[in-house]
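Take a look at the structure set out below.
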There are 2 protein chains.
Amino acid sequence: MIVVDWGTTHLRAYRLTASGEVEARRSVPKGIMSIAAGAFATALGEVLEDWLQLSDGPILMSGMIGSRQGWFEVPYVECPTGLHELAAGTKPVPWTATRNVFICPGLVCRDDESIPDVMRGEEVQIFGALTGIREPESLTICLPGTHSKHALVRNGRIERFLTHMTGEVFALLRDHSILARLGTERRTNLDAFDDGLRRAQQTSGLLHHVFGVRTRVLINELEAASLTDYLSGILIGHELIGAPLRPPALIVGDPALCALYERALAHFGVEAEVIPADVATTQGLFAIGKLVERNMGDRF
Amino acid sequence: MIVVDWGTTHLRAYRLTASGEVEARRSVPKGIMSIAAGAFATALGEVLEDWLQLSDGPILMSGMIGSRQGWFEVPYVECPTGLHELAAGTKPVPWTATRNVFICPGLVCRDDESIPDVMRGEEVQIFGALTGIREPESLTICLPGTHSKHALVRNGRIERFLTHMTGEVFALLRDHSILARLGTERRTNLDAFDDGLRRAQQTSGLLHHVFGVRTRVLINELEAASLTDYLSGILIGHELIGAPLRPPALIVGDPALCALYERALAHFGVEAEVIPADVATTQGLFAIGKLVERNMGDRF
């Protein structure tokens, strides 16, 4: 089986053995935003060319490739949901004369105010992360990033989730706001990160806290080189205060970012285990692939 | 007396009568960011050339012109403070052979967590706004904008204030985030603005609420043309929740923006009176000028 996480900025492909071990992997910066409409089939063929010679096994994909801007729009599945519903919502898309590709659906849920929230790709990582957990009765899974997700899992099903635009707002403030004029040098300063976490707990609000980053530098109470860590602590702190945290927690993502979130969760009294994003992705797609195979038989 | 509000993006000059009436005004997009260091004297001379022929009266300025990036850095005055301290902190700067210009100081204060906050220019508008108020015993003054200010006034003195980066974050999200891809058409929709104010009162946090703007458009629950009003309601709502509001309130600023804040304050149960920014600026600088004149005599 070949599994592919095809997102906004990257295409990550993995060749799996019959038991789900990764035997080869590749990552190329060919996200769906860089591919013209109608050119997805050709792009995938180019990236996987040599692998396709080796086997005629199925190809299963997740991520933004299943969105309106992707190859084929696969309808969202509603929460609460389990692995079986995801497999049932997976759609075959004609590719070559002899081979279909399969695209997993994303998830939609409603928050407390009935505002919709969506994900595409993270749902696969969530179920992948759960495969290594002995008793996934009730836990929180955090997937930090451009659009951070926090999902509540109960009895092996995703009950609900919440997205925070943390990574995107961080990059906008660091690179394009008045804070960008305070210098570009950066030295890691975890004390400044912790200060940011504490600052986020004040009731004066995020829009005031980010202005205070500038003022502290102006008044020489914060080194300009520590600005990004302080800002990062403020934003991650606000995210965690607004997230539906319930211990125990798993963190799935890029290792460096996961380490920051692990530190932040500990600050809020939640112990967390880190699972690398690629492990979660491949385990999740493998598990869904097995179910799709059972549902579809020869057509998978 | 000629008074000048010289900020980051604009220079606004007013010629006042002996009783403080505005008899002429001009505004040019020659903010301090567009003037090279050392070129402020020449720039001011060009803008005021014909007015300078008419009288040899003093010139009093406020705003970012007194910052480190401006003509001459005038030290901040600490809160709580009154009009007399502002006048005492005003500095003469040599200009031409026969004339000085005078630059008002900005203010600095500490919030509940002892993080510094600063303003330059708004302090003049606050005292200008107070001149028309019969009993300014205790009230809130809101100065909405790129960096919105909320000041608490007690017994005619500015007790403390708080800055929110509302306008800047709004522009970044509207023009440079993933929300910018949802279309640029805009129709005024005050219901969407009110929805945003209500949304801000939910505890899931600003970073979640701004992601929900996108999702609501994707799921066709919000028209793309109403996106900016909804986003504006969310951000202004978060600002007001974090601000030290105490009725009665004055709002000082651009009339269209003041109208939105008046609506938002009413949503939170606070009645407010609107005072145009130029009225507040000229009344404030005139009052400070009178005090500086008394302090300095012939040298003003």
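In the structure tokens, each chain is lettered A, B, ... as it comes, each chain's residues begin at 1, and ligands are numbered from 1 in order of appearance.
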Practice problem: Write out as a list of chain:residue names every residue belonging to chain A that has an atom at most 6 Å from any atom of chain B, counting only C-alpha atoms. | Solution: A:Asp117, A:Thr163, A:His164, A:Met165, A:Ser204, A:Gly205, A:Leu207, A:His208, A:Phe211, A:Thr215, A:Gly242
Would you mind exporting all heavy atoms of the selected residues as a PDB file, in the first residue's frame?
```pdb
ATOM      1  N   ASP A 117     -16.683  23.719  12.559  1.00  0.00           N
ATOM      2  CA  ASP A 117     -15.225  23.630  12.523  1.00  0.00           C
ATOM      3  C   ASP A 117     -14.886  22.433  11.636  1.00  0.00           C
ATOM      4  O   ASP A 117     -15.679  21.496  11.541  1.00  0.00           O
ATOM      5  CB  ASP A 117     -14.679  23.439  13.944  1.00  0.00           C
ATOM      6  CG  ASP A 117     -13.229  23.889  14.072  1.00  0.00           C
ATOM      7  OD1 ASP A 117     -12.511  23.895  13.055  1.00  0.00           O
ATOM      8  OD2 ASP A 117     -12.823  24.223  15.191  1.00  0.00           O
ATOM      9  N   THR A 163     -10.410  24.266  16.403  1.00  0.00           N
ATOM     10  CA  THR A 163      -9.231  24.778  15.697  1.00  0.00           C
ATOM     11  C   THR A 163      -8.871  26.170  16.201  1.00  0.00           C
ATOM     12  O   THR A 163      -9.761  27.003  16.416  1.00  0.00           O
ATOM     13  CB  THR A 163      -9.510  24.872  14.190  1.00  0.00           C
ATOM     14  OG1 THR A 163      -9.954  23.601  13.732  1.00  0.00           O
ATOM     15  CG2 THR A 163      -8.256  25.281  13.417  1.00  0.00           C
ATOM     16  N   HIS A 164      -7.585  26.417  16.385  1.00  0.00           N
ATOM     17  CA  HIS A 164      -7.069  27.757  16.718  1.00  0.00           C
ATOM     18  C   HIS A 164      -6.077  28.172  15.632  1.00  0.00           C
ATOM     19  O   HIS A 164      -5.224  27.382  15.242  1.00  0.00           O
ATOM     20  CB  HIS A 164      -6.360  27.753  18.073  1.00  0.00           C
ATOM     21  CG  HIS A 164      -7.280  27.663  19.241  1.00  0.00           C
ATOM     22  ND1 HIS A 164      -7.859  26.475  19.643  1.00  0.00           N
ATOM     23  CD2 HIS A 164      -7.747  28.608  20.091  1.00  0.00           C
ATOM     24  CE1 HIS A 164      -8.621  26.702  20.698  1.00  0.00           C
ATOM     25  NE2 HIS A 164      -8.577  27.988  20.993  1.00  0.00           N
ATOM     26  N   MET A 165      -6.161  29.429  15.204  1.00  0.00           N
ATOM     27  CA  MET A 165      -5.310  29.898  14.109  1.00  0.00           C
ATOM     28  C   MET A 165      -3.934  30.343  14.641  1.00  0.00           C
ATOM     29  O   MET A 165      -3.376  31.354  14.186  1.00  0.00           O
ATOM     30  CB  MET A 165      -6.009  31.064  13.401  1.00  0.00           C
ATOM     31  CG  MET A 165      -5.769  31.094  11.898  1.00  0.00           C
ATOM     32  SD  MET A 165      -6.313  32.651  11.168  1.00  0.00           S
ATOM     33  CE  MET A 165      -7.903  32.215  10.546  1.00  0.00           C
ATOM     34  N   SER A 204      -6.685  40.713  30.512  1.00  0.00           N
ATOM     35  CA  SER A 204      -6.708  41.900  29.649  1.00  0.00           C
ATOM     36  C   SER A 204      -6.718  41.549  28.161  1.00  0.00           C
ATOM     37  O   SER A 204      -6.967  42.424  27.339  1.00  0.00           O
ATOM     38  CB  SER A 204      -5.532  42.820  29.988  1.00  0.00           C
ATOM     39  OG  SER A 204      -4.347  42.081  30.164  1.00  0.00           O
ATOM     40  N   GLY A 205      -6.478  40.291  27.821  1.00  0.00           N
ATOM     41  CA  GLY A 205      -6.768  39.849  26.460  1.00  0.00           C
ATOM     42  C   GLY A 205      -5.584  39.815  25.508  1.00  0.00           C
ATOM     43  O   GLY A 205      -4.612  40.559  25.633  1.00  0.00           O
ATOM     44  N   LEU A 207      -5.186  40.813  22.415  1.00  0.00           N
ATOM     45  CA  LEU A 207      -4.838  42.002  21.629  1.00  0.00           C
ATOM     46  C   LEU A 207      -4.012  42.994  22.447  1.00  0.00           C
ATOM     47  O   LEU A 207      -3.214  43.748  21.898  1.00  0.00           O
ATOM     48  CB  LEU A 207      -6.108  42.671  21.087  1.00  0.00           C
ATOM     49  CG  LEU A 207      -6.906  41.815  20.104  1.00  0.00           C
ATOM     50  CD1 LEU A 207      -8.281  42.442  19.847  1.00  0.00           C
ATOM     51  CD2 LEU A 207      -6.146  41.643  18.792  1.00  0.00           C
ATOM     52  N   HIS A 208      -4.200  42.983  23.763  1.00  0.00           N
ATOM     53  CA  HIS A 208      -3.354  43.797  24.643  1.00  0.00           C
ATOM     54  C   HIS A 208      -2.002  43.105  24.861  1.00  0.00           C
ATOM     55  O   HIS A 208      -0.955  43.755  24.831  1.00  0.00           O
ATOM     56  CB  HIS A 208      -4.066  44.039  25.976  1.00  0.00           C
ATOM     57  CG  HIS A 208      -3.212  44.726  26.996  1.00  0.00           C
ATOM     58  ND1 HIS A 208      -2.639  45.962  26.780  1.00  0.00           N
ATOM     59  CD2 HIS A 208      -2.789  44.338  28.231  1.00  0.00           C
ATOM     60  CE1 HIS A 208      -1.936  46.310  27.842  1.00  0.00           C
ATOM     61  NE2 HIS A 208      -1.999  45.345  28.729  1.00  0.00           N
ATOM     62  N   PHE A 211       0.474  43.671  22.100  1.00  0.00           N
ATOM     63  CA  PHE A 211       1.035  45.034  22.096  1.00  0.00           C
ATOM     64  C   PHE A 211       2.129  45.156  23.162  1.00  0.00           C
ATOM     65  O   PHE A 211       3.143  45.828  22.964  1.00  0.00           O
ATOM     66  CB  PHE A 211      -0.056  46.083  22.330  1.00  0.00           C
ATOM     67  CG  PHE A 211       0.453  47.490  22.166  1.00  0.00           C
ATOM     68  CD1 PHE A 211       0.662  48.016  20.901  1.00  0.00           C
ATOM     69  CD2 PHE A 211       0.756  48.285  23.271  1.00  0.00           C
ATOM     70  CE1 PHE A 211       1.153  49.309  20.735  1.00  0.00           C
ATOM     71  CE2 PHE A 211       1.251  49.579  23.116  1.00  0.00           C
ATOM     72  CZ  PHE A 211       1.451  50.091  21.842  1.00  0.00           C
ATOM     73  N   THR A 215       6.061  46.924  23.711  1.00  0.00           N
ATOM     74  CA  THR A 215       6.401  47.888  24.760  1.00  0.00           C
ATOM     75  C   THR A 215       7.531  47.381  25.640  1.00  0.00           C
ATOM     76  O   THR A 215       8.431  48.132  26.002  1.00  0.00           O
ATOM     77  CB  THR A 215       5.161  48.188  25.618  1.00  0.00           C
ATOM     78  OG1 THR A 215       4.034  48.280  24.763  1.00  0.00           O
ATOM     79  CG2 THR A 215       5.324  49.484  26.359  1.00  0.00           C
ATOM     80  N   GLY A 242      -8.186  28.305  25.725  1.00  0.00           N
ATOM     81  CA  GLY A 242      -9.441  28.180  24.992  1.00  0.00           C
ATOM     82  C   GLY A 242      -9.751  26.771  24.523  1.00  0.00           C
ATOM     83  O   GLY A 242     -10.838  26.511  24.010  1.00  0.00           O
TER      84      GLY A 242
END
```
Quiz item: Skipping near chain neighbours, those fewer than 3 positions away, what residues fall within 12 Å of Gly269 in chain A using only C-alpha atoms, listed as a PyMOL selection string?
Solution: chain A and resi 240-241+245-249+262-266+272
Exercise. Could you jot down the CA of Arg154 in chain B to CA of Leu139 in chain B separation for me, Å, one decimal place?
Key: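 Between CA of Arg154 in chain B and CA of Leu139 in chain B the gap is 6.7 Å.
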Quiz item: When you draw a straight line from CA of Ser114 in chain A to CA of Gly128 in chain A, how long is it in Å?
Solution: 27.8 Å
Quiz item: Contacts of Phe286 in chain B at 8 Å or less, counting only C-alpha atoms, minus same-chain residues fewer than 6 places along, as a VMD selection string?
Solution: chain B and resid 1 3 20
Quiz item: Can you tell me how far CA of Leu44 in chain B sits from CA of Gly70 in chain B, in Å to one decimal?
Solution: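 Computing the Euclidean distance for CA of Leu44 in chain B and CA of Gly70 in chain B yields 12.4 Å.
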Quiz item: Contacts of range 191-194 of chain B at 9 Å or less, counting only C-alpha atoms, minus same-chain residues fewer than 4 places along, as an NGL selection string?
Solution: :B and (198-199 or 222 or 226-234 or 260 or 263-264 or 267)
Write to file, as a compact mmCIF listing (two decimals), in the first residue's frame, the residues of the selection just made, with all heavy atoms.
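Result file is part.txt:
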```txt
# COMPACT_ATOMS: atom_id res chain seq x y z
N ARG B 198 -21.02 38.98 19.91
CA ARG B 198 -21.51 37.88 20.75
C ARG B 198 -20.49 36.74 20.77
O ARG B 198 -20.23 36.14 21.80
CB ARG B 198 -22.85 37.36 20.22
CG ARG B 198 -24.05 38.13 20.75
CD ARG B 198 -25.36 37.46 20.36
NE ARG B 198 -25.61 37.54 18.94
CZ ARG B 198 -26.18 38.59 18.34
NH1 ARG B 198 -26.59 39.63 19.05
NH2 ARG B 198 -26.37 38.59 17.04
N ARG B 199 -19.91 36.47 19.59
CA ARG B 199 -18.93 35.40 19.48
C ARG B 199 -17.75 35.64 20.42
O ARG B 199 -17.22 34.71 21.03
CB ARG B 199 -18.46 35.34 18.02
CG ARG B 199 -17.43 34.26 17.73
CD ARG B 199 -18.00 32.89 17.89
NE ARG B 199 -17.17 31.89 17.24
CZ ARG B 199 -17.14 30.61 17.61
NH1 ARG B 199 -17.90 30.20 18.62
NH2 ARG B 199 -16.38 29.75 16.99
N LEU B 222 -22.14 32.13 6.29
CA LEU B 222 -21.82 33.56 6.31
C LEU B 222 -21.42 33.94 4.89
O LEU B 222 -20.61 33.26 4.27
CB LEU B 222 -20.65 33.81 7.28
CG LEU B 222 -20.12 35.24 7.40
CD1 LEU B 222 -21.11 36.12 8.16
CD2 LEU B 222 -18.76 35.27 8.11
N SER B 226 -19.76 39.64 3.99
CA SER B 226 -19.99 40.07 5.38
C SER B 226 -18.85 39.69 6.30
O SER B 226 -18.89 39.97 7.51
CB SER B 226 -21.28 39.42 5.92
OG SER B 226 -22.38 39.77 5.12
N LEU B 227 -17.83 39.06 5.74
CA LEU B 227 -16.70 38.55 6.52
C LEU B 227 -16.01 39.64 7.34
O LEU B 227 -15.75 39.46 8.52
CB LEU B 227 -15.73 37.91 5.53
CG LEU B 227 -14.45 37.24 5.95
CD1 LEU B 227 -13.99 36.31 4.81
CD2 LEU B 227 -13.35 38.20 6.28
N THR B 228 -15.75 40.79 6.71
CA THR B 228 -15.00 41.82 7.44
C THR B 228 -15.80 42.39 8.61
O THR B 228 -15.23 42.69 9.66
CB THR B 228 -14.54 42.98 6.52
OG1 THR B 228 -15.67 43.47 5.81
CG2 THR B 228 -13.50 42.50 5.54
N ASP B 229 -17.11 42.54 8.45
CA ASP B 229 -17.90 43.05 9.57
C ASP B 229 -17.96 42.05 10.72
O ASP B 229 -17.88 42.43 11.90
CB ASP B 229 -19.32 43.41 9.10
CG ASP B 229 -19.35 44.77 8.40
OD1 ASP B 229 -18.40 45.55 8.57
OD2 ASP B 229 -20.31 45.04 7.67
N TYR B 230 -18.08 40.76 10.38
CA TYR B 230 -18.08 39.73 11.42
C TYR B 230 -16.73 39.71 12.14
O TYR B 230 -16.66 39.72 13.38
CB TYR B 230 -18.38 38.37 10.77
CG TYR B 230 -18.44 37.19 11.70
CD1 TYR B 230 -19.29 37.19 12.81
CD2 TYR B 230 -17.66 36.06 11.48
CE1 TYR B 230 -19.35 36.10 13.67
CE2 TYR B 230 -17.71 34.97 12.32
CZ TYR B 230 -18.55 34.99 13.42
OH TYR B 230 -18.60 33.90 14.26
N LEU B 231 -15.65 39.74 11.36
CA LEU B 231 -14.29 39.76 11.93
C LEU B 231 -14.09 41.00 12.81
O LEU B 231 -13.53 40.91 13.91
CB LEU B 231 -13.27 39.74 10.79
CG LEU B 231 -11.80 39.84 11.16
CD1 LEU B 231 -11.37 38.65 12.02
CD2 LEU B 231 -10.93 39.93 9.91
N SER B 232 -14.56 42.14 12.32
CA SER B 232 -14.45 43.37 13.08
C SER B 232 -15.18 43.26 14.42
O SER B 232 -14.66 43.67 15.47
CB SER B 232 -15.03 44.50 12.23
OG SER B 232 -15.04 45.70 12.93
N GLY B 233 -16.38 42.67 14.42
CA GLY B 233 -17.13 42.47 15.66
C GLY B 233 -16.38 41.57 16.64
O GLY B 233 -16.34 41.84 17.85
N ILE B 234 -15.77 40.51 16.12
CA ILE B 234 -15.01 39.60 16.98
C ILE B 234 -13.85 40.35 17.66
O ILE B 234 -13.67 40.27 18.88
CB ILE B 234 -14.46 38.40 16.16
CG1 ILE B 234 -15.61 37.46 15.78
CG2 ILE B 234 -13.39 37.65 16.95
CD1 ILE B 234 -15.19 36.33 14.84
N LEU B 260 -18.95 52.44 15.03
CA LEU B 260 -18.88 50.99 15.31
C LEU B 260 -18.62 50.75 16.80
O LEU B 260 -19.24 49.88 17.41
CB LEU B 260 -17.75 50.34 14.51
CG LEU B 260 -18.03 49.87 13.10
CD1 LEU B 260 -16.83 49.10 12.56
CD2 LEU B 260 -19.28 48.98 13.04
N ARG B 263 -21.68 51.39 18.88
CA ARG B 263 -22.58 50.23 18.80
C ARG B 263 -22.08 49.09 19.69
O ARG B 263 -22.86 48.45 20.40
CB ARG B 263 -22.64 49.78 17.34
CG ARG B 263 -23.65 48.70 17.06
CD ARG B 263 -23.66 48.34 15.57
NE ARG B 263 -24.64 47.30 15.31
CZ ARG B 263 -25.88 47.52 14.94
NH1 ARG B 263 -26.30 48.74 14.74
NH2 ARG B 263 -26.72 46.50 14.76
N ALA B 264 -20.76 48.85 19.64
CA ALA B 264 -20.18 47.76 20.43
C ALA B 264 -20.30 48.05 21.92
O ALA B 264 -20.66 47.16 22.71
CB ALA B 264 -18.72 47.55 20.03
N HIS B 267 -23.70 47.39 23.09
CA HIS B 267 -23.89 45.94 23.23
C HIS B 267 -23.46 45.47 24.62
O HIS B 267 -24.07 44.57 25.20
CB HIS B 267 -23.09 45.22 22.14
CG HIS B 267 -23.13 43.72 22.23
ND1 HIS B 267 -24.09 42.96 21.60
CD2 HIS B 267 -22.34 42.85 22.90
CE1 HIS B 267 -23.88 41.69 21.87
NE2 HIS B 267 -22.83 41.58 22.65
```
Quiz item: Where does DSSP see strand (DSSP E) in range 66-283 of chain B, if you list the residues as a PyMOL selection string?
Solution: chain B and resi 77-78+91-94+100-103+107-110+116-119+138-143+148-154+157-164+249-253+272-276
Exercise. Please provide as a list in words all residues within 8 Å of Gly156 in chain B, with the sequence filter that same-chain residues fewer than 5 positions apart are discarded (counting only C-alpha atoms).
Key: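 Neighbouring residues, sequence-local ones excluded: Gly82, Leu130, Pro136, Glu137 and Ser138 of chain B.
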Self-check item: All residues 10 Å or closer to Lys30 in chain A, only C-alpha atoms, same chain fewer than 2 positions away omitted, as a count of residues only
Solution: 17
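If you measure from each of A:Ala259, A:Ala13, A:Leu197, A:Ile275 to Phe127 in chain A using only C-alpha atoms, the closest one turns out to be A:Ile275.
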Exercise. Do a neighbour search on range 91-96 of chain A at 8 Å with only C-alpha atoms, toss out local chain neighbours closer than 2 positions, and write the hits as a list in words.
Key: Ala41, Phe72, Val74, Gly89, Thr98, Arg99, Asn100, Val101, Phe102, Ile103, Cys104 and Pro105 of chain A
Any chance you can output those residues with C-alpha atoms as a compact mmCIF listing (two decimals), in the first residue's frame?
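Produced file again-v3.txt, reproduced below:
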```
# COMPACT_ATOMS: atom_id res chain seq x y z
CA ALA A 41 -3.03 13.16 -11.53
CA PHE A 72 -11.78 15.66 -5.78
CA VAL A 74 -14.82 14.28 -0.51
CA GLY A 89 -16.60 7.93 3.69
CA THR A 98 -5.62 0.22 -14.16
CA ARG A 99 -5.58 2.04 -10.85
CA ASN A 100 -7.84 4.18 -8.65
CA VAL A 101 -6.63 6.42 -5.87
CA PHE A 102 -8.65 6.65 -2.66
CA ILE A 103 -9.17 9.87 -0.70
CA CYS A 104 -10.20 9.98 2.96
CA PRO A 105 -12.91 12.41 4.06
```
Self-check item: alpha helix (DSSP H) call set, DSSP backbone run, range 79-264 of chain B, as a PyMOL selection string
Solution: chain B and resi 83-89+122-130+166-176+190-200+206-218+227-242+255-264
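Considering only C-alpha atoms, the residue among B:Ala88, B:Val153, B:Ala280, B:Ile158 positioned nearest to Leu107 in chain B is B:Ile158.
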